[in-house]
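*Asks:* Hey, dropping my_file_39.pdb in here, PDB, C-alpha atoms, pLDDT in the B column:
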ATOM      1  CA  MET E   1      88.714 149.754 204.410  1.00 53.00           C
ATOM      2  CA  ARG E   2      87.460 147.401 201.685  1.00 55.00           C
ATOM      3  CA  LYS E   3      89.149 144.452 203.396  1.00 56.00           C
ATOM      4  CA  VAL E   4      87.501 145.247 206.729  1.00 51.00           C
ATOM      5  CA  THR E   5      84.117 145.648 205.066  1.00 53.00           C
ATOM      6  CA  ALA E   6      84.621 142.364 203.212  1.00 51.00           C
ATOM      7  CA  ALA E   7      85.581 140.640 206.464  1.00 52.00           C
ATOM      8  CA  VAL E   8      82.458 141.926 208.208  1.00 51.00           C
ATOM      9  CA  MET E   9      80.246 140.912 205.275  1.00 52.00           C
ATOM     10  CA  ALA E  10      81.870 137.466 205.059  1.00 50.00           C
ATOM     11  CA  SER E  11      81.410 136.948 208.754  1.00 52.00           C
ATOM     12  CA  THR E  12      77.777 138.020 208.496  1.00 52.00           C
ATOM     13  CA  LEU E  13      77.249 135.462 205.730  1.00 49.00           C
ATOM     14  CA  ALA E  14      78.988 132.843 207.829  1.00 47.00           C
ATOM     15  CA  PHE E  15      76.712 133.592 210.762  1.00 47.00           C
ATOM     16  CA  SER E  16      73.761 133.311 208.414  1.00 48.00           C
ATOM     17  CA  ALA E  17      75.055 129.926 207.287  1.00 46.00           C
ATOM     18  CA  PHE E  18      75.447 128.859 210.915  1.00 43.00           C
ATOM     19  CA  SER E  19      71.900 129.949 211.694  1.00 46.00           C
ATOM     20  CA  GLN E  20      70.515 128.019 208.748  1.00 45.00           C
ATOM     21  CA  ALA E  21      72.546 124.937 209.546  1.00 45.00           C
ATOM     22  CA  ALA E  22      71.421 125.187 213.146  1.00 43.00           C
ATOM     23  CA  GLY E  23      67.826 125.189 211.933  1.00 43.00           C
ATOM     24  CA  GLY E  24      68.028 121.472 211.394  1.00 41.00           C
ATOM     25  CA  ILE E  25      69.970 118.795 209.600  1.00 43.00           C
ATOM     26  CA  THR E  26      67.772 116.935 207.167  1.00 40.00           C
ATOM     27  CA  GLY E  27      70.263 115.200 204.883  1.00 41.00           C
ATOM     28  CA  ASP E  28      68.918 114.346 201.461  1.00 40.00           C
ATOM     29  CA  ASN E  29      65.481 115.825 202.220  1.00 39.00           C
ATOM     30  CA  GLU E  30      66.797 119.370 201.806  1.00 39.00           C
ATOM     31  CA  PRO E  31      65.648 121.483 198.858  1.00 36.00           C
ATOM     32  CA  PRO E  32      68.073 121.866 195.945  1.00 36.00           C
ATOM     33  CA  MET E  33      70.716 124.517 196.332  1.00 34.00           C
ATOM     34  CA  GLU E  34      69.518 127.716 194.648  1.00 34.00           C
ATOM     35  CA  GLY E  35      72.790 129.616 194.872  1.00 37.00           C
ATOM     36  CA  ILE E  36      75.827 129.698 197.060  1.00 35.00           C
ATOM     37  CA  ALA E  37      75.528 133.395 197.816  1.00 37.00           C
ATOM     38  CA  GLN E  38      71.878 132.953 198.695  1.00 34.00           C
ATOM     39  CA  ARG E  39      72.380 130.500 201.543  1.00 38.00           C
ATOM     40  CA  GLY E  40      76.104 130.389 202.273  1.00 45.00           C
ATOM     41  CA  SER E  41      78.438 127.703 201.043  1.00 44.00           C
ATOM     42  CA  GLN E  42      78.645 125.757 204.285  1.00 47.00           C
ATOM     43  CA  SER E  43      74.993 125.731 205.305  1.00 50.00           C
ATOM     44  CA  HIS E  44      74.304 122.686 203.154  1.00 72.00           C
ATOM     45  CA  MET E  45      77.559 120.865 203.601  1.00 78.00           C
ATOM     46  CA  PHE E  46      75.782 117.509 203.633  1.00 83.00           C
ATOM     47  CA  GLU E  47      73.389 118.176 200.755  1.00 83.00           C
ATOM     48  CA  GLY E  48      73.130 115.161 198.485  1.00 82.00           C
ATOM     49  CA  ILE E  49      74.508 112.784 201.108  1.00 88.00           C
ATOM     50  CA  SER E  50      72.058 110.080 202.136  1.00 90.00           C
ATOM     51  CA  LEU E  51      72.156 109.969 205.908  1.00 92.00           C
ATOM     52  CA  THR E  52      70.780 107.287 208.155  1.00 93.00           C
ATOM     53  CA  GLU E  53      68.256 108.346 210.746  1.00 95.00           C
ATOM     54  CA  HIS E  54      70.886 107.694 213.432  1.00 96.00           C
ATOM     55  CA  GLN E  55      73.379 110.017 211.650  1.00 93.00           C
ATOM     56  CA  ARG E  56      70.709 112.704 211.292  1.00 93.00           C
ATOM     57  CA  GLN E  57      69.938 112.494 214.983  1.00 95.00           C
ATOM     58  CA  GLN E  58      73.620 112.693 215.923  1.00 94.00           C
ATOM     59  CA  MET E  59      74.028 115.753 213.710  1.00 93.00           C
ATOM     60  CA  ARG E  60      70.926 117.390 215.142  1.00 94.00           C
ATOM     61  CA  ASP E  61      72.307 116.760 218.628  1.00 94.00           C
ATOM     62  CA  LEU E  62      75.651 118.326 217.684  1.00 93.00           C
ATOM     63  CA  MET E  63      73.911 121.384 216.222  1.00 92.00           C
ATOM     64  CA  GLN E  64      71.649 121.736 219.227  1.00 93.00           C
ATOM     65  CA  ARG E  65      74.659 121.602 221.540  1.00 92.00           C
ATOM     66  CA  ALA E  66      76.515 124.134 219.372  1.00 90.00           C
ATOM     67  CA  ARG E  67      73.499 126.461 219.359  1.00 89.00           C
ATOM     68  CA  HIS E  68      73.230 126.191 223.122  1.00 87.00           C
ATOM     69  CA  ASP E  69      76.945 126.936 223.610  1.00 85.00           C
ATOM     70  CA  GLN E  70      77.028 129.761 221.079  1.00 84.00           C
ATOM     71  CA  PRO E  71      76.937 133.262 222.579  1.00 81.00           C
ATOM     72  CA  PRO E  72      74.030 135.367 221.346  1.00 81.00           C
ATOM     73  CA  VAL E  73      74.551 137.834 218.523  1.00 82.00           C
ATOM     74  CA  ASN E  74      75.860 141.091 219.950  1.00 87.00           C
ATOM     75  CA  VAL E  75      73.193 143.527 218.762  1.00 92.00           C
ATOM     76  CA  SER E  76      74.831 146.444 220.560  1.00 94.00           C
ATOM     77  CA  GLU E  77      77.926 146.028 218.346  1.00 94.00           C
ATOM     78  CA  MET E  78      75.722 146.284 215.263  1.00 94.00           C
ATOM     79  CA  GLU E  79      74.035 149.374 216.703  1.00 96.00           C
ATOM     80  CA  THR E  80      77.420 150.926 217.361  1.00 96.00           C
ATOM     81  CA  MET E  81      78.473 150.290 213.756  1.00 96.00           C
ATOM     82  CA  HIS E  82      75.221 151.783 212.500  1.00 97.00           C
ATOM     83  CA  ARG E  83      75.780 154.929 214.569  1.00 97.00           C
ATOM     84  CA  LEU E  84      79.310 155.224 213.171  1.00 96.00           C
ATOM     85  CA  VAL E  85      78.104 154.788 209.591  1.00 96.00           C
ATOM     86  CA  THR E  86      75.322 157.346 209.980  1.00 96.00           C
ATOM     87  CA  ALA E  87      77.349 159.888 211.983  1.00 96.00           C
ATOM     88  CA  GLU E  88      77.616 163.472 210.782  1.00 96.00           C
ATOM     89  CA  ASN E  89      81.387 163.090 210.411  1.00 96.00           C
ATOM     90  CA  PHE E  90      82.930 159.816 209.291  1.00 96.00           C
ATOM     91  CA  ASP E  91      85.517 158.474 211.752  1.00 96.00           C
ATOM     92  CA  GLU E  92      87.534 155.870 209.858  1.00 96.00           C
ATOM     93  CA  ASN E  93      89.553 154.806 212.908  1.00 97.00           C
ATOM     94  CA  ALA E  94      86.429 154.197 214.986  1.00 96.00           C
ATOM     95  CA  VAL E  95      84.761 152.270 212.131  1.00 97.00           C
ATOM     96  CA  ARG E  96      87.915 150.208 211.624  1.00 97.00           C
ATOM     97  CA  ALA E  97      88.146 149.382 215.338  1.00 97.00           C
ATOM     98  CA  GLN E  98      84.454 148.459 215.492  1.00 96.00           C
ATOM     99  CA  ALA E  99      84.661 146.349 212.327  1.00 96.00           C
ATOM    100  CA  GLU E 100      87.714 144.523 213.634  1.00 96.00           C
ATOM    101  CA  LYS E 101      85.962 143.844 216.945  1.00 95.00           C
ATOM    102  CA  MET E 102      82.915 142.465 215.121  1.00 94.00           C
ATOM    103  CA  ALA E 103      85.094 140.441 212.756  1.00 94.00           C
ATOM    104  CA  GLN E 104      86.961 138.870 215.687  1.00 93.00           C
ATOM    105  CA  GLU E 105      83.660 137.788 217.239  1.00 91.00           C
ATOM    106  CA  GLN E 106      82.757 136.186 213.906  1.00 91.00           C
ATOM    107  CA  VAL E 107      86.122 134.424 213.691  1.00 93.00           C
ATOM    108  CA  THR E 108      85.362 132.832 217.053  1.00 91.00           C
ATOM    109  CA  ARG E 109      81.930 131.728 215.786  1.00 91.00           C
ATOM    110  CA  GLN E 110      83.404 130.352 212.550  1.00 92.00           C
ATOM    111  CA  VAL E 111      86.040 128.344 214.389  1.00 93.00           C
ATOM    112  CA  GLU E 112      83.388 126.779 216.597  1.00 92.00           C
ATOM    113  CA  MET E 113      81.170 126.019 213.613  1.00 92.00           C
ATOM    114  CA  ALA E 114      84.133 124.426 211.806  1.00 94.00           C
ATOM    115  CA  ARG E 115      84.687 122.254 214.874  1.00 95.00           C
ATOM    116  CA  VAL E 116      81.058 121.087 214.742  1.00 94.00           C
ATOM    117  CA  ARG E 117      81.275 120.419 210.984  1.00 94.00           C
ATOM    118  CA  ASN E 118      84.435 118.394 211.584  1.00 96.00           C
ATOM    119  CA  GLN E 119      82.596 116.293 214.159  1.00 95.00           C
ATOM    120  CA  MET E 120      79.736 115.817 211.711  1.00 95.00           C
ATOM    121  CA  PHE E 121      82.117 114.837 208.917  1.00 95.00           C
ATOM    122  CA  HIS E 122      83.558 112.104 211.129  1.00 96.00           C
ATOM    123  CA  LEU E 123      80.071 110.692 211.707  1.00 96.00           C
ATOM    124  CA  LEU E 124      79.951 109.783 208.002  1.00 96.00           C
ATOM    125  CA  THR E 125      81.024 106.473 206.534  1.00 96.00           C
ATOM    126  CA  PRO E 126      84.115 106.500 204.268  1.00 96.00           C
ATOM    127  CA  GLU E 127      81.791 106.218 201.253  1.00 95.00           C
ATOM    128  CA  GLN E 128      79.741 109.210 202.388  1.00 95.00           C
ATOM    129  CA  GLN E 129      82.936 111.165 203.033  1.00 95.00           C
ATOM    130  CA  ALA E 130      84.095 110.407 199.478  1.00 95.00           C
ATOM    131  CA  VAL E 131      80.770 111.652 198.047  1.00 94.00           C
ATOM    132  CA  LEU E 132      80.983 114.772 200.207  1.00 94.00           C
ATOM    133  CA  ASN E 133      84.527 115.471 199.015  1.00 94.00           C
ATOM    134  CA  GLN E 134      83.483 114.950 195.389  1.00 94.00           C
ATOM    135  CA  LYS E 135      80.550 117.366 195.775  1.00 93.00           C
ATOM    136  CA  HIS E 136      82.884 119.868 197.418  1.00 93.00           C
ATOM    137  CA  GLN E 137      85.234 119.697 194.435  1.00 95.00           C
ATOM    138  CA  GLN E 138      82.287 120.263 192.083  1.00 93.00           C
ATOM    139  CA  ARG E 139      81.204 123.345 194.072  1.00 93.00           C
ATOM    140  CA  MET E 140      84.765 124.679 194.040  1.00 95.00           C
ATOM    141  CA  GLU E 141      84.914 124.286 190.257  1.00 96.00           C
ATOM    142  CA  GLN E 142      81.621 126.170 189.953  1.00 95.00           C
ATOM    143  CA  LEU E 143      82.985 128.954 192.144  1.00 95.00           C
ATOM    144  CA  ARG E 144      86.200 129.098 190.123  1.00 96.00           C
ATOM    145  CA  GLU E 145      84.149 129.418 186.952  1.00 95.00           C
ATOM    146  CA  VAL E 146      82.071 132.231 188.458  1.00 95.00           C
ATOM    147  CA  ALA E 147      85.279 133.968 189.560  1.00 94.00           C
ATOM    148  CA  ARG E 148      86.738 133.606 186.057  1.00 93.00           C
ATOM    149  CA  MET E 149      83.572 135.031 184.528  1.00 92.00           C
ATOM    150  CA  GLN E 150      83.588 137.955 186.964  1.00 91.00           C
ATOM    151  CA  GLN E 151      87.251 138.631 186.305  1.00 88.00           C
ATOM    152  CA  SER E 152      86.656 138.490 182.561  1.00 86.00           C
ATOM    153  CA  SER E 153      83.677 140.814 182.915  1.00 82.00           C
ATOM    154  CA  ASP E 154      85.688 143.256 185.059  1.00 77.00           C
ATOM    155  CA  THR E 155      88.544 143.219 182.547  1.00 75.00           C
ATOM    156  CA  LYS E 156      86.167 143.944 179.662  1.00 73.00           C
ATOM    157  CA  LEU E 157      84.468 146.720 181.629  1.00 70.00           C
ATOM    158  CA  PHE E 158      87.819 148.277 182.535  1.00 68.00           C
ATOM    159  CA  SER E 159      89.157 148.079 178.988  1.00 68.00           C
ATOM    160  CA  SER E 160      85.978 149.549 177.474  1.00 66.00           C
ATOM    161  CA  SER E 161      85.928 152.449 179.956  1.00 65.00           C
ATOM    162  CA  THR E 162      89.623 153.070 179.308  1.00 61.00           C
ATOM    163  CA  GLN E 163      89.021 153.168 175.539  1.00 63.00           C
ATOM    164  CA  ARG E 164      86.175 155.674 175.967  1.00 60.00           C
ATOM    165  CA  SER E 165      88.280 158.025 178.080  1.00 59.00           C
ATOM    166  CA  GLN E 166      91.100 158.145 175.512  1.00 59.00           C
TER     167      GLN E 166
END
Show the structure stored in the file as structure tokens.
*Replies:*
Amino acid sequence: MRKVTAAVMASTLAFSAFSQAAGGITGDNEPPMEGIAQRGSQSHMFEGISLTEHQRQQMRDLMQRARHDQPPVNVSEMETMHRLVTAENFDENAVRAQAEKMAQEQVTRQVEMARVRNQMFHLLTPEQQAVLNQKHQQRMEQLREVARMQQSSDTKLFSSSTQRSQ
């Protein structure tokens, strides 16, 4: 159940990232990143890359086309999930089926967004691509450090609760 919930939450974050990215590509005029969890890791893929006006326009055009081609968010699926979560009796099989259906819709959205990002990446010069790859590596190192800190914190919490129960 945790995996399904995580998949639904991840897909919701991804949709959020898509929505923010679709809001407009501004290149180096974007505000500094305040936190990966806050905005989604892909929403500012081109942050810190100086884009020409022509590149910005091409990226805006790609995003506009992607937004136009993207099916609308299926609100009825969210309503169905809400009804399942708030039901008198919890039906794990129904929740699992609904979550998997919603997750599959998000997979489709993520694949399309990855296609658009790939097209955008190929609009960059080799120098810009190198900067983008370097910034990506820096973000991955930051995420690894956060993961290490969380793991260390979880280990300490587990060991201290184990010691108290003995």
*Asks:* Pick out the closest residue to Thr108 (chain E) from this set: E:Ala94, E:Arg83, E:Leu123, E:Pro71. Count all atoms listed in the file.
*Replies:*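 Residue with the minimum atom-to-atom distance to Thr108 (chain E): E:Pro71.
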*Asks:* Could you work out how far CA of Ser50 (chain E) lies from CA of Arg144 (chain E), giving the answer in Å with one decimal?
*Replies:*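 Atom-to-atom, CA of Arg144 (chain E) and CA of Ser50 (chain E) are spaced 26.6 Å apart.
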*Asks:* Got a sec: who's within 9 Å of region 128-134 of chain E, counting all atoms listed in the file, leaving out chain neighbours fewer than 6 positions off, as a list in words?
*Replies:*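 Counting all atoms listed in the file, the residues come to Met45, Phe46, Glu47, Gly48, Ile49, Ser50, Leu51, Phe121 and His122 of chain E.
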*Asks:* Select, from E:His82, E:Arg60, E:Arg67, E:His44, the residue with the minimum atom-to-atom distance to Lys135 (chain E), counting only C-alpha atoms.
*Replies:*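 Answer, going by the shortest atom-to-atom distance: E:His44.
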*Asks:* What separation in Å, quoted to one decimal, exists between CA of Glu79 (chain E) and CA of Gln110 (chain E)?
*Replies:*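 About the pair CA of Glu79 (chain E) and CA of Gln110 (chain E): they are 21.6 Å apart.
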*Asks:* Please return the centre and edge lengths, in Å to one decimal, of a box with edges along x, y and z that contains all listed atoms of region 63-76 of chain E, widened by 5 Å on every side, as JSON.
*Replies:*
{"center_x": 74.3, "center_y": 133.9, "center_z": 219.9, "size_x": 15.4, "size_y": 35.1, "size_z": 17.4}
*Asks:* Expand the PyMOL selection byres ((chain E and resi 81) around 10) into the individual residues it matches in the shown file, reporting them as a PDB file with C-alpha atoms, in the coordinates of the input.
*Replies:*
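What ended up in result_29.pdb:
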ATOM      1  CA  VAL E  75      73.193 143.527 218.762  1.00 92.00           C
ATOM      2  CA  SER E  76      74.831 146.444 220.560  1.00 94.00           C
ATOM      3  CA  GLU E  77      77.926 146.028 218.346  1.00 94.00           C
ATOM      4  CA  MET E  78      75.722 146.284 215.263  1.00 94.00           C
ATOM      5  CA  GLU E  79      74.035 149.374 216.703  1.00 96.00           C
ATOM      6  CA  THR E  80      77.420 150.926 217.361  1.00 96.00           C
ATOM      7  CA  HIS E  82      75.221 151.783 212.500  1.00 97.00           C
ATOM      8  CA  ARG E  83      75.780 154.929 214.569  1.00 97.00           C
ATOM      9  CA  LEU E  84      79.310 155.224 213.171  1.00 96.00           C
ATOM     10  CA  VAL E  85      78.104 154.788 209.591  1.00 96.00           C
ATOM     11  CA  THR E  86      75.322 157.346 209.980  1.00 96.00           C
ATOM     12  CA  ALA E  87      77.349 159.888 211.983  1.00 96.00           C
ATOM     13  CA  ALA E  94      86.429 154.197 214.986  1.00 96.00           C
ATOM     14  CA  VAL E  95      84.761 152.270 212.131  1.00 97.00           C
ATOM     15  CA  ARG E  96      87.915 150.208 211.624  1.00 97.00           C
ATOM     16  CA  ALA E  97      88.146 149.382 215.338  1.00 97.00           C
ATOM     17  CA  GLN E  98      84.454 148.459 215.492  1.00 96.00           C
ATOM     18  CA  ALA E  99      84.661 146.349 212.327  1.00 96.00           C
ATOM     19  CA  MET E 102      82.915 142.465 215.121  1.00 94.00           C
TER      20      MET E 102
END
